[in-house]
Every structure is written in structure tokens, then in C-alpha cells.
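Asker: See model.cif below, with mmCIF, C-alpha atoms.
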```cif
data_data
#
loop_
_atom_site.label_atom_id
_atom_site.label_comp_id
_atom_site.auth_asym_id
_atom_site.auth_seq_id
_atom_site.Cartn_x
_atom_site.Cartn_y
_atom_site.Cartn_z
CA MET A 1106 -3.86 18.54 -9.99
CA HIS A 1107 -4.31 15.06 -11.41
CA CYS A 1108 -0.98 13.61 -12.49
CA GLY A 1109 -2.20 10.55 -14.36
CA ARG A 1110 0.58 10.63 -16.97
CA LEU A 1111 4.25 10.00 -16.26
CA LYS A 1112 5.31 13.03 -18.27
CA GLY A 1113 3.20 15.32 -16.12
CA LEU A 1114 4.94 14.18 -12.94
CA HIS A 1115 8.48 15.24 -13.78
CA GLY A 1116 7.98 18.62 -12.18
CA CYS A 1117 6.68 16.91 -9.05
CA VAL A 1118 9.85 14.83 -8.97
CA ARG A 1119 12.13 17.83 -9.11
CA ARG A 1120 10.38 19.51 -6.20
CA ALA A 1121 10.42 16.36 -4.07
CA SER A 1122 14.04 15.58 -4.88
CA ALA A 1123 15.27 19.07 -4.17
CA ARG A 1124 13.72 19.05 -0.73
CA GLY A 1125 15.77 16.31 0.83
CA ALA A 1126 18.20 14.39 -1.35
CA ALA A 1127 21.31 16.43 -0.58
CA SER A 1128 21.39 16.17 3.20
CA PRO A 1129 20.28 13.86 6.03
CA VAL A 1130 16.93 14.35 7.66
CA LEU A 1131 17.00 17.04 10.34
CA ARG A 1132 14.57 15.90 13.04
CA GLY A 1133 12.34 18.81 13.95
CA ALA A 1134 12.88 20.67 10.65
CA ALA A 1135 11.10 18.54 8.07
CA SER A 1136 8.38 19.39 5.57
CA PRO A 1137 5.33 17.19 6.25
CA VAL A 1138 4.04 14.94 3.47
CA ILE A 1139 1.28 12.34 3.15
CA ALA A 1140 0.82 9.82 0.33
CA VAL A 1141 -2.13 7.42 0.09
CA HIS A 1142 -3.30 4.62 -2.19
CA GLY A 1143 -6.66 2.97 -2.73
CA GLY A 1144 -5.46 -0.43 -3.96
CA ALA A 1145 -3.75 -1.75 -7.08
CA TRP A 1146 -6.16 -3.83 -9.16
CA ASN A 1147 -8.08 -3.84 -12.43
CA LEU A 1148 -10.44 -1.16 -11.20
CA PRO A 1149 -13.55 -0.84 -13.40
CA ASP A 1150 -14.55 2.43 -15.07
CA HIS A 1151 -17.61 2.98 -12.91
CA LEU A 1152 -15.43 3.19 -9.77
CA ARG A 1153 -12.76 5.42 -11.30
CA LYS A 1154 -14.19 8.81 -10.28
CA ALA A 1155 -15.19 7.76 -6.76
CA SER A 1156 -11.82 6.11 -6.16
CA LEU A 1157 -9.83 9.14 -7.28
CA GLU A 1158 -11.96 11.49 -5.23
CA GLY A 1159 -11.63 9.17 -2.24
CA VAL A 1160 -7.84 9.11 -2.16
CA GLU A 1161 -7.70 12.88 -2.68
CA ALA A 1162 -10.08 13.38 0.25
CA ALA A 1163 -8.05 11.00 2.44
CA ALA A 1164 -4.79 12.85 1.71
CA GLU A 1165 -6.40 16.21 2.43
CA THR A 1166 -7.97 14.89 5.63
CA ALA A 1167 -4.60 13.70 6.88
CA TRP A 1168 -2.86 16.92 5.87
CA THR A 1169 -5.47 19.03 7.67
CA ARG A 1170 -5.34 16.73 10.71
CA GLY A 1171 -1.58 17.17 11.03
CA GLY A 1172 0.03 15.99 14.25
CA SER A 1173 2.42 13.07 14.29
CA ALA A 1174 3.11 10.86 11.29
CA VAL A 1175 1.09 8.11 13.02
CA ASP A 1176 -1.83 10.52 13.45
CA MET A 1177 -1.65 11.38 9.75
CA VAL A 1178 -1.61 7.82 8.39
CA GLU A 1179 -4.39 6.75 10.76
CA ALA A 1180 -6.53 9.71 9.66
CA ALA A 1181 -5.92 8.92 5.98
CA VAL A 1182 -6.73 5.23 6.32
CA ARG A 1183 -9.81 5.91 8.46
CA SER A 1184 -11.07 8.15 5.67
CA LEU A 1185 -10.59 5.33 3.15
CA GLU A 1186 -12.15 2.77 5.51
CA ALA A 1187 -15.28 4.95 5.76
CA ASP A 1188 -15.61 5.21 1.98
CA PRO A 1189 -17.54 2.32 0.32
CA ALA A 1190 -15.53 2.81 -2.88
CA PHE A 1191 -12.65 0.95 -1.20
CA ASP A 1192 -12.23 -2.54 0.22
CA ALA A 1193 -11.52 -1.64 3.84
CA GLY A 1194 -13.98 -1.09 6.67
CA ARG A 1195 -17.14 0.00 4.88
CA GLY A 1196 -16.81 -1.62 1.45
CA SER A 1197 -15.29 -4.87 2.73
CA VAL A 1198 -16.02 -8.07 0.83
CA LEU A 1199 -17.31 -11.48 1.81
CA THR A 1200 -15.41 -14.70 2.42
CA SER A 1201 -16.58 -18.00 0.93
CA ALA A 1202 -18.57 -18.49 4.14
CA GLY A 1203 -20.36 -15.17 3.71
CA THR A 1204 -18.49 -13.48 6.57
CA VAL A 1205 -16.14 -10.49 6.79
CA GLU A 1206 -12.53 -10.75 7.97
CA LEU A 1207 -10.44 -7.60 8.22
CA ASP A 1208 -6.68 -7.03 8.37
CA ALA A 1209 -4.86 -3.82 9.30
CA VAL A 1210 -1.44 -2.66 10.44
CA ILE A 1211 0.16 0.59 11.55
CA MET A 1212 3.87 1.21 12.07
CA ASN A 1213 5.88 4.06 13.53
CA GLY A 1214 9.33 4.94 12.21
CA ASP A 1215 10.82 3.99 15.59
CA LEU A 1216 9.80 0.40 14.71
CA ARG A 1217 6.82 0.19 17.04
CA THR A 1218 3.95 -1.58 15.30
CA GLY A 1219 0.49 -3.00 15.86
CA ALA A 1220 -1.71 -5.16 13.66
CA VAL A 1221 -4.88 -7.24 13.54
CA ALA A 1222 -5.69 -10.09 11.17
CA ALA A 1223 -8.88 -12.02 10.39
CA ALA A 1224 -10.73 -9.60 12.68
CA GLY A 1225 -14.51 -9.42 12.72
CA PRO A 1226 -16.61 -6.56 11.36
CA THR A 1227 -15.54 -3.10 12.56
CA LEU A 1228 -15.55 0.19 10.70
CA HIS A 1229 -11.98 1.19 11.50
CA PRO A 1230 -9.61 -1.76 11.94
CA VAL A 1231 -6.60 0.58 11.56
CA THR A 1232 -7.58 2.17 14.87
CA VAL A 1233 -7.65 -1.25 16.52
CA ALA A 1234 -4.17 -1.85 15.09
CA ARG A 1235 -2.98 1.41 16.65
CA LEU A 1236 -4.43 0.32 19.99
CA VAL A 1237 -2.46 -2.92 19.73
CA MET A 1238 0.69 -0.85 19.15
CA GLU A 1239 0.09 1.61 21.96
CA ARG A 1240 -1.84 -0.32 24.61
CA SER A 1241 -0.48 -3.85 24.46
CA GLU A 1242 2.86 -5.59 24.57
CA HIS A 1243 2.05 -7.39 21.32
CA CYS A 1244 2.51 -6.66 17.62
CA LEU A 1245 -0.26 -8.76 16.06
CA LEU A 1246 -3.59 -10.07 17.30
CA VAL A 1247 -5.83 -12.34 15.21
CA GLY A 1248 -9.41 -13.52 15.00
CA ALA A 1249 -11.44 -13.71 18.20
CA GLY A 1250 -8.47 -12.39 20.19
CA ALA A 1251 -8.35 -9.23 18.09
CA ASP A 1252 -12.13 -8.79 18.44
CA ALA A 1253 -12.00 -9.20 22.24
CA PHE A 1254 -9.15 -6.68 22.46
CA ALA A 1255 -11.13 -4.18 20.40
CA ARG A 1256 -14.20 -4.52 22.66
CA GLU A 1257 -12.00 -4.13 25.77
CA HIS A 1258 -10.78 -0.81 24.40
CA GLY A 1259 -14.17 0.58 23.44
CA VAL A 1260 -14.21 -0.21 19.72
CA ALA A 1261 -17.68 -1.39 18.81
CA ALA A 1262 -18.44 -4.20 16.41
CA ALA A 1263 -20.21 -3.25 13.20
CA ASP A 1264 -23.18 -4.96 11.61
CA LEU A 1265 -22.30 -6.91 8.48
CA GLY A 1266 -24.87 -4.92 6.54
CA ASP A 1267 -23.09 -1.67 7.44
CA LEU A 1268 -19.86 -2.81 5.82
CA VAL A 1269 -20.85 -4.93 2.83
CA THR A 1270 -22.37 -3.15 -0.15
CA GLU A 1271 -24.90 -4.59 -2.58
CA GLU A 1272 -22.16 -4.62 -5.21
CA ALA A 1273 -19.97 -6.72 -2.91
CA ARG A 1274 -22.80 -9.19 -2.40
CA ALA A 1275 -23.32 -9.47 -6.16
CA GLU A 1276 -19.58 -9.92 -6.58
CA TRP A 1277 -19.63 -12.75 -4.04
CA GLU A 1278 -22.35 -14.53 -6.01
CA GLU A 1279 -20.32 -14.26 -9.21
CA MET A 1280 -17.11 -15.46 -7.56
CA ARG A 1281 -18.81 -18.66 -6.43
CA ALA A 1282 -18.02 -19.90 -9.92
CA TYR A 1283 -14.26 -19.46 -9.42
CA ARG A 1284 -11.97 -21.62 -7.31
CA ARG A 1285 -8.89 -19.39 -7.10
CA ALA A 1286 -10.23 -15.98 -6.16
CA THR A 1287 -6.93 -14.45 -5.04
CA THR A 1288 -5.24 -14.98 -8.40
CA THR A 1289 -8.31 -14.33 -10.54
CA LEU A 1290 -9.13 -10.97 -8.99
CA PHE A 1291 -5.74 -9.34 -9.32
CA ASN A 1292 -4.34 -10.74 -12.52
CA ALA A 1293 -7.27 -11.27 -14.86
CA ARG A 1294 -10.71 -9.96 -13.98
CA THR A 1295 -12.22 -6.64 -12.95
CA LEU A 1296 -14.03 -8.04 -9.94
CA GLY A 1297 -12.75 -7.61 -6.41
CA HIS A 1298 -10.99 -4.86 -4.57
CA ASP A 1299 -7.80 -4.53 -2.65
CA THR A 1300 -5.88 -2.88 0.15
CA VAL A 1301 -5.74 0.80 1.10
CA GLY A 1302 -2.78 2.47 2.76
CA ALA A 1303 -0.80 5.58 3.59
CA VAL A 1304 2.71 6.78 4.41
CA ALA A 1305 3.62 10.07 6.08
CA MET A 1306 6.42 12.24 7.39
CA ASP A 1307 5.58 14.78 10.08
CA ALA A 1308 7.16 18.15 10.90
CA GLY A 1309 9.64 16.39 13.17
CA GLY A 1310 10.94 14.22 10.33
CA ASN A 1311 9.34 11.08 11.78
CA LEU A 1312 7.85 8.45 9.47
CA ALA A 1313 4.83 6.16 9.71
CA ALA A 1314 2.86 3.80 7.48
CA ALA A 1315 -0.48 2.02 7.65
CA THR A 1316 -2.35 -0.55 5.57
CA SER A 1317 -5.91 -1.89 5.81
CA THR A 1318 -8.00 -4.36 3.83
CA GLY A 1319 -11.44 -5.88 3.84
CA GLY A 1320 -10.20 -9.05 2.20
CA ILE A 1321 -10.66 -10.75 -1.16
CA THR A 1322 -14.04 -11.82 -2.42
CA PHE A 1323 -14.76 -15.49 -1.72
CA LYS A 1324 -11.44 -16.09 0.03
CA ARG A 1325 -11.17 -19.05 2.40
CA PRO A 1326 -12.02 -18.04 6.00
CA GLY A 1327 -8.82 -17.56 7.96
CA ARG A 1328 -6.76 -16.60 4.92
CA VAL A 1329 -4.39 -13.71 5.69
CA GLY A 1330 -2.38 -12.01 2.97
CA ASP A 1331 0.46 -9.54 3.13
CA SER A 1332 -1.51 -6.53 4.38
CA PRO A 1333 -1.00 -6.84 8.18
CA ILE A 1334 2.51 -8.26 7.95
CA VAL A 1335 5.48 -6.01 8.67
CA GLY A 1336 7.98 -6.28 5.83
CA ALA A 1337 5.26 -7.27 3.38
CA GLY A 1338 2.19 -5.02 3.62
CA VAL A 1339 3.93 -2.22 5.46
CA LEU A 1340 7.26 -0.94 6.72
CA ALA A 1341 8.30 2.28 8.44
CA ASP A 1342 11.83 2.97 9.61
CA ASP A 1343 13.09 6.50 10.30
CA GLU A 1344 16.55 5.46 9.16
CA LEU A 1345 15.34 4.09 5.80
CA GLY A 1346 11.86 5.12 4.73
CA ALA A 1347 8.22 4.00 4.73
CA ILE A 1348 6.01 1.99 2.38
CA SER A 1349 2.46 0.68 2.17
CA THR A 1350 1.95 -2.04 -0.43
CA THR A 1351 -1.04 -3.47 -2.25
CA GLY A 1352 -1.64 -6.32 -4.65
CA HIS A 1353 -1.61 -10.10 -4.83
CA GLY A 1354 -0.93 -10.99 -1.21
CA GLU A 1355 0.41 -14.48 -1.76
CA SER A 1356 3.02 -13.20 -4.23
CA ILE A 1357 4.09 -10.38 -1.91
CA LEU A 1358 4.41 -12.76 1.01
CA ARG A 1359 6.43 -15.31 -0.96
CA TYR A 1360 8.74 -12.70 -2.35
CA THR A 1361 9.69 -11.43 1.12
CA LEU A 1362 10.48 -14.81 2.74
CA ALA A 1363 14.22 -14.51 2.05
CA SER A 1364 14.39 -10.75 2.20
CA GLU A 1365 17.20 -10.36 4.70
CA ARG A 1366 19.31 -12.90 2.87
CA ARG A 1367 18.72 -11.16 -0.42
CA ALA A 1368 19.59 -7.80 1.13
CA LEU A 1369 22.91 -9.23 2.35
CA LYS A 1370 23.54 -10.82 -1.04
CA SER A 1371 22.89 -7.53 -2.81
CA SER A 1372 25.36 -5.71 -0.61
CA LEU A 1373 28.11 -8.11 -1.69
CA GLU A 1374 27.38 -8.15 -5.42
CA PRO A 1375 28.66 -5.59 -7.92
CA ARG A 1376 26.04 -3.33 -9.42
CA ARG A 1377 25.09 -3.40 -13.06
CA ARG A 1378 22.68 -1.52 -15.28
CA ARG A 1379 19.26 -3.10 -15.69
CA GLU A 1380 16.26 -1.66 -17.47
CA PRO A 1381 13.11 -1.55 -15.31
CA CYS A 1382 10.32 -3.94 -16.23
CA SER A 1383 8.23 -2.38 -18.97
CA ARG A 1384 5.06 -3.79 -17.42
CA THR A 1385 5.53 -1.82 -14.20
CA ILE A 1386 4.49 1.80 -13.88
CA ARG A 1387 6.84 4.21 -12.18
CA VAL A 1388 5.37 7.45 -10.90
CA LEU A 1389 7.24 10.29 -9.19
CA ALA A 1390 10.40 8.53 -10.34
CA SER A 1391 13.35 9.68 -12.38
CA PRO A 1392 13.96 7.89 -15.71
CA ARG A 1393 16.88 5.46 -15.92
CA ARG A 1394 19.22 4.87 -13.04
CA ARG A 1395 21.91 2.45 -11.96
CA HIS A 1396 20.72 0.11 -9.22
CA ASP A 1397 21.30 -3.19 -7.54
CA PRO A 1398 20.09 -6.26 -9.48
CA SER A 1399 18.98 -8.10 -6.36
CA LEU A 1400 15.45 -6.91 -5.65
CA ASP A 1401 13.35 -7.40 -2.55
CA ALA A 1402 9.69 -6.52 -2.22
CA GLY A 1403 9.45 -6.49 1.57
CA ARG A 1404 12.60 -4.42 2.04
CA VAL A 1405 12.09 -2.01 -0.84
CA VAL A 1406 12.88 0.87 1.48
CA ALA A 1407 16.35 -0.59 1.98
CA ALA A 1408 16.97 0.07 -1.71
CA PHE A 1409 16.14 3.78 -1.39
CA ALA A 1410 19.73 4.69 -0.57
CA ARG A 1411 20.89 3.00 -3.79
CA ALA A 1412 18.10 4.36 -6.00
CA SER A 1413 17.62 7.76 -7.57
CA SER A 1414 14.07 7.87 -6.17
CA PRO A 1415 11.68 5.78 -4.04
CA GLY A 1416 9.39 5.26 -7.03
CA ASP A 1417 12.26 3.86 -9.05
CA ALA A 1418 13.17 1.41 -6.29
CA MET A 1419 9.59 0.26 -5.84
CA ALA A 1420 8.99 -0.14 -9.59
CA ALA A 1421 12.02 -2.39 -9.87
CA GLU A 1422 10.77 -4.55 -7.00
CA LEU A 1423 7.33 -4.87 -8.56
CA GLY A 1424 8.79 -5.76 -11.93
CA ARG A 1425 10.92 -8.47 -10.41
CA MET A 1426 7.96 -9.89 -8.46
CA LEU A 1427 5.87 -9.96 -11.64
CA ASP A 1428 8.64 -11.70 -13.58
CA ARG A 1429 9.27 -14.34 -10.92
CA LEU A 1430 5.81 -15.00 -9.47
CA GLY A 1431 3.33 -13.50 -11.90
CA GLY A 1432 1.81 -11.38 -9.13
CA ARG A 1433 0.93 -7.74 -9.61
CA GLY A 1434 0.82 -4.96 -7.08
CA GLY A 1435 1.71 -1.40 -6.19
CA GLY A 1436 2.23 1.00 -3.35
CA VAL A 1437 3.19 4.41 -2.05
CA SER A 1438 6.44 5.19 -0.28
CA LEU A 1439 8.66 7.86 1.23
CA ASP A 1440 12.40 7.73 1.68
CA ARG A 1441 13.98 9.03 4.88
CA HIS A 1442 14.17 12.53 3.39
CA GLY A 1443 10.44 12.58 2.65
CA ARG A 1444 10.78 12.09 -1.12
CA PRO A 1445 7.61 10.33 -2.35
CA GLY A 1446 7.27 7.39 -4.71
CA VAL A 1447 4.28 5.73 -6.37
CA ALA A 1448 4.42 2.62 -8.53
CA PHE A 1449 2.03 -0.11 -9.72
CA SER A 1450 1.99 -3.00 -12.17
CA THR A 1451 -1.80 -3.30 -12.42
CA ASP A 1452 -3.96 -1.35 -14.88
CA ARG A 1453 -4.96 1.16 -12.22
CA MET A 1454 -4.18 2.27 -8.69
CA PRO A 1455 -5.77 5.41 -7.22
CA TRP A 1456 -3.19 7.47 -5.32
CA ALA A 1457 -2.84 10.97 -3.92
CA LEU A 1458 -0.07 13.08 -2.43
CA ARG A 1459 -0.27 16.21 -0.28
CA ASP A 1460 2.69 18.31 0.80
CA ALA A 1461 3.67 21.97 1.07
CA SER A 1462 3.92 22.24 -2.72
CA GLY A 1463 0.29 21.24 -3.21
CA ARG A 1464 -1.79 18.25 -4.28
CA ARG A 1465 -1.10 15.53 -6.81
CA ALA A 1466 -3.15 12.48 -7.71
CA GLY A 1467 -3.54 9.81 -10.36
CA ILE A 1468 -5.10 6.46 -11.14
CA ASP A 1469 -4.38 5.21 -14.68
CA ARG A 1470 -1.48 3.40 -16.27
CA PRO A 1471 0.59 5.94 -18.23
CA PRO A 1472 0.50 5.09 -21.96
CA ALA A 1473 4.30 5.51 -22.15
CA ALA A 1474 4.72 2.53 -19.82
CA GLU A 1475 2.89 0.10 -22.08
#
```
Written as C-alpha cells, how would this file's structure read?

Answerer:
Amino acid sequence: MHCGRLKGLHGCVRRASARGAASPVLRGAASPVIAVHGGAWNLPDHLRKASLEGVEAAAETAWTRGGSAVDMVEAAVRSLEADPAFDAGRGSVLTSAGTVELDAVIMNGDLRTGAVAAAGPTLHPVTVARLVMERSEHCLLVGAGADAFAREHGVAAADLGDLVTEEARAEWEEMRAYRRATTTLFNARTLGHDTVGAVAMDAGGNLAAATSTGGITFKRPGRVGDSPIVGAGVLADDELGAISTTGHGESILRYTLASERRALKSSLEPRRRREPCSRTIRVLASPRRRHDPSLDAGRVVAAFARASSPGDAMAAELGRMLDRLGGRGGGVSLDRHGRPGVAFSTDRMPWALRDASGRRAGIDRPPAAE
């Protein structure tokens, strides 16, 4: 079912909350769940249907694939990378030099992680990121080093024409007139695309998250945003939760620079009631709650224990980031019990959820949040 309106999601919240809020996660006795997003941005009407269908297909692919949480998020993101409706893998966009640079990250709930940044054309950069996690002693490889590593492990390079659509080429031509593509695309215009990602809990109660992006149209070569950075574009911790973020990368990166300090500060400050930002959409989240006033985008999962739901915690983080930096974004998340959360402060963000209770999906800003 398509849950595009906040009101229609309240039943989803009750089912998710009842499953895990009252007791700690029992490893080996969990109910699997997968949540995916196709990027938070001002998505135009002509991409609405394809984007919604794409995230639904990715969630179903991951659910059918099963296996570990890492298997599930990789399967979901590979599905999105293969779909030209999204800016990742096939559907990537061009830099100002007319090249493609890809970023991806995958993280296991035991804190193992692998990532690539500014990598050359390849259909599935998330798979290269998993190889970095599982077959190297490193966490992040960039540029030519990431490309060489991929070739060493049998991942073929892709032709530029196989990844970049005609629409992306036309978009590149239009963006030549703009000097600040990263801000323009997310906060004002309908051009451009954004990150895709997924979070999952497997039957063993283990968490994982993954994020992948094909960049921002007309970005400077070598520019890397939040997507491949642990604590910014992704985080998975079996003791806390998992999140994959999307949005204005520079804002997300800046907002996480002092994250650990802010987390310590919040633990020492008394709590007070604060209304969530009206410009941020909360999905799969309870209405009002009491929460900590010190908000941190990169460590949003750390706020899960203090929040009534993951969506509530993430919405508060996004609202604070918008207030302080003017950057918009979104994401999908799970707390350590497998309760899902979806939130975004852009006009649209395609998302889908699959668990034992069924399918849920949405894309539009709920009118009640205006």
C-alpha cells in the first residue's frame, strides 16, 4: 500500500512499535525488515511514478533475497543502482568536466564498513564498497585507488554511455549556467538527483546500512559529499540502530563535525519540550514527544533511545539542520529493535518498507506537515 499521507501511516507505526519497543533485541529471534529511499530532492512529476515503483521493487528484491542484513541492503541498493530513475550506478550524472564520479558505502552493525569515493564508472559501486569491507584492511578507498581495487577483484568498469542518460546530459548542459550546483539542486530547482540507500535488520537481529550516489550535476571533479562517510551518509550499530541519509551533502557533513561533543553535551543537559520543525516531514513517527534539544545529524541513531520513534528522532535532526544551515535532506532508519523511521525536509523522497506485516511506500510531502 502507498502511505503517502502521515495520517495513513499511524497503523504502520503501531505495528512497528509493538514489535520491539518493550524489550531488548533478542539475537536470533528478530523479524526481518528492509527500508529503502531513492533520494530526497525536488523530484519532478515525470519521475514520480518510476521513482516510487523503483523503491518498491528494491525493497521487495531485498526481502526476497533474504540472508544477512548486509546481503539485504546490498541487494536493495544494487536494484536502485541498476534503475536509471535514480542517481546511482545507471542514472549517474556528470561533473563539470563531463566525467562520472561515484560514491558508495556499506556498514555492518558490528561496525565493519567499506566505502569508495570519487570512483570511476561502474554499475554497482555498493558492491565495490562491500569488497573493501570484506577483502581489505581499509575502510575507504578513493579515485584511481578505488578503481584499481575494483579491477583486482573482478568488478568491470562501465562505459560512460551505459550510466549517463540523455536526460542527465541535458541537465548538465542546463547546469553550465549555474555556479553553485550543490545548493541550487537541493534547495531551489527541480534539476538534479540524489543519493539512494537502505537499512535492514535480518532474522538474527543484526543491522546494516548502505548508501550510494552518482554525484551532483556539474559538481567540481573530486568533490565528495556525505554519502560515503560513516556518521554522515550512513551508520549501522547493533547497539543503537541504522540510518542511510540523503540530501545536501555539504550541510550534512558540516552538521556532523562536532557530533561526539554534541552527544556528550546532550547527555548532561536537562530535557525540555520542543515542537518539531514544521518544515520537516515525519513518517512512521508518533506525534509529539519529549526529546533532547541538542540534535545531531550524524549520530541520529544515538537519539533513538530518547525518542518515541526513529522517525521522530530523524525529523528533529533534519529540522535543526535546516534551521542552522539551510540544507535539506532525508533518510530511512531502524532502531535496534527494528522499528522503522522515514523523514524528509524536501518536497519529495521516494521510500519503501517491507517486513512481515507487508509493504508500505510513499513519496510526497504530507499536506498536514505544511

Asker: Given the choices A:Ala1275, A:Leu1427, A:Leu1157, A:Ala1181, which gets closest to Arg1453 (chain A) if the distance is worked out from all atoms listed in the file?

Answerer: A:Leu1157

Asker: Please determine, counting all atoms listed in the file, which residue among A:Ile1357, A:Ala1251, A:Ala1145, A:Leu1265 has the shortest atom-to-atom distance to Ala1234 (chain A).

Answerer: A:Ala1251

Asker: May I have the residues within 9 Å of Val1260 (chain A) as a ChimeraX atom specification, using all atoms listed in the file and disregarding those fewer than 5 positions away in the same chain?

Answerer: /A:1227,1229,1232-1233,1252,1254-1255

Asker: Take the residues from that selection and put them in a file with C-alpha atoms, as a JSON list (two decimals), in the frame of the given file.

Answerer:
```json
[["chain", "number", "residue", "atom", "x", "y", "z"],
["A", 1227, "THR", "CA", -15.54, -3.10, 12.56],
["A", 1229, "HIS", "CA", -11.98, 1.19, 11.50],
["A", 1232, "THR", "CA", -7.58, 2.17, 14.87],
["A", 1233, "VAL", "CA", -7.65, -1.25, 16.52],
["A", 1252, "ASP", "CA", -12.13, -8.79, 18.44],
["A", 1254, "PHE", "CA", -9.15, -6.68, 22.46],
["A", 1255, "ALA", "CA", -11.13, -4.18, 20.40]]
```

Asker: Between A:His1353, A:Arg1240, A:Arg1195, A:Arg1217, which has the minimum distance to Asp1299 (chain A) (counting all atoms listed in the file)?

Answerer: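 When distances to Asp1299 (chain A) are compared using all atoms listed in the file, the smallest one comes from A:His1353.
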
Asker: Selected by the PyMOL selection byres ((chain A and resi 1345) around 6) in the shown coordinates: which residues, as a PyMOL selection string?

Answerer: chain A and resi 1342-1344+1346+1406+1441

Asker: Applied to the shown file, which residues does the PyMOL selection byres ((chain A and resi 1459) around 7) return, written as a ChimeraX atom specification?

Answerer: /A:1138-1140,1164-1165,1168,1457-1458,1460,1463-1465

Asker: Which distance in Å separates CA of Gly1446 (chain A) and CA of Ala1466 (chain A), to one decimal?

Answerer: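 Between CA of Gly1446 (chain A) and CA of Ala1466 (chain A) the gap works out to 12.0 Å.
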
Asker: Nearest to Gly1327 (chain A) among A:Ala1341, A:Ile1348, A:Val1205, A:Ala1308, with distances taken over all atoms listed in the file: which residue is it?

Answerer: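 Closest candidate: A:Val1205.
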
Asker: Can you list, as a list in words, every protein, DNA or RNA residue that comes within 6 Å of region 1208-1211 of chain A when you count all atoms listed in the file, leaving out same-chain residues fewer than 4 positions away?

Answerer: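 The neighbour list is Thr1218, Gly1219, Ala1220, Val1221, Ala1222, Ala1223, Pro1230, Val1231, Ala1234, Ala1314, Ala1315, Thr1316, Ser1317, Thr1318 and Pro1333 of chain A.
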
Asker: Applying 10 Å and only C-alpha atoms, which residues near Ser1184 (chain A) remain after dropping the ones on its own chain fewer than 3 positions away? List them as a ChimeraX atom specification.

Answerer: /A:1159-1160,1162-1167,1178-1181,1187-1188,1193-1194,1229

Asker: One number please: CA of Gly1338 (chain A) to CA of Thr1350 (chain A), in Å, one decimal.

Answerer: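 Calculated distance between CA of Gly1338 (chain A) and CA of Thr1350 (chain A) is 5.0 Å.
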
Asker: Can you give me, as an NGL selection string, the residues this file yields under the PyMOL selection byres ((chain A and resi 1174) around 6)?

Answerer: :A and (1173 or 1175-1177 or 1305-1307 or 1312-1313)
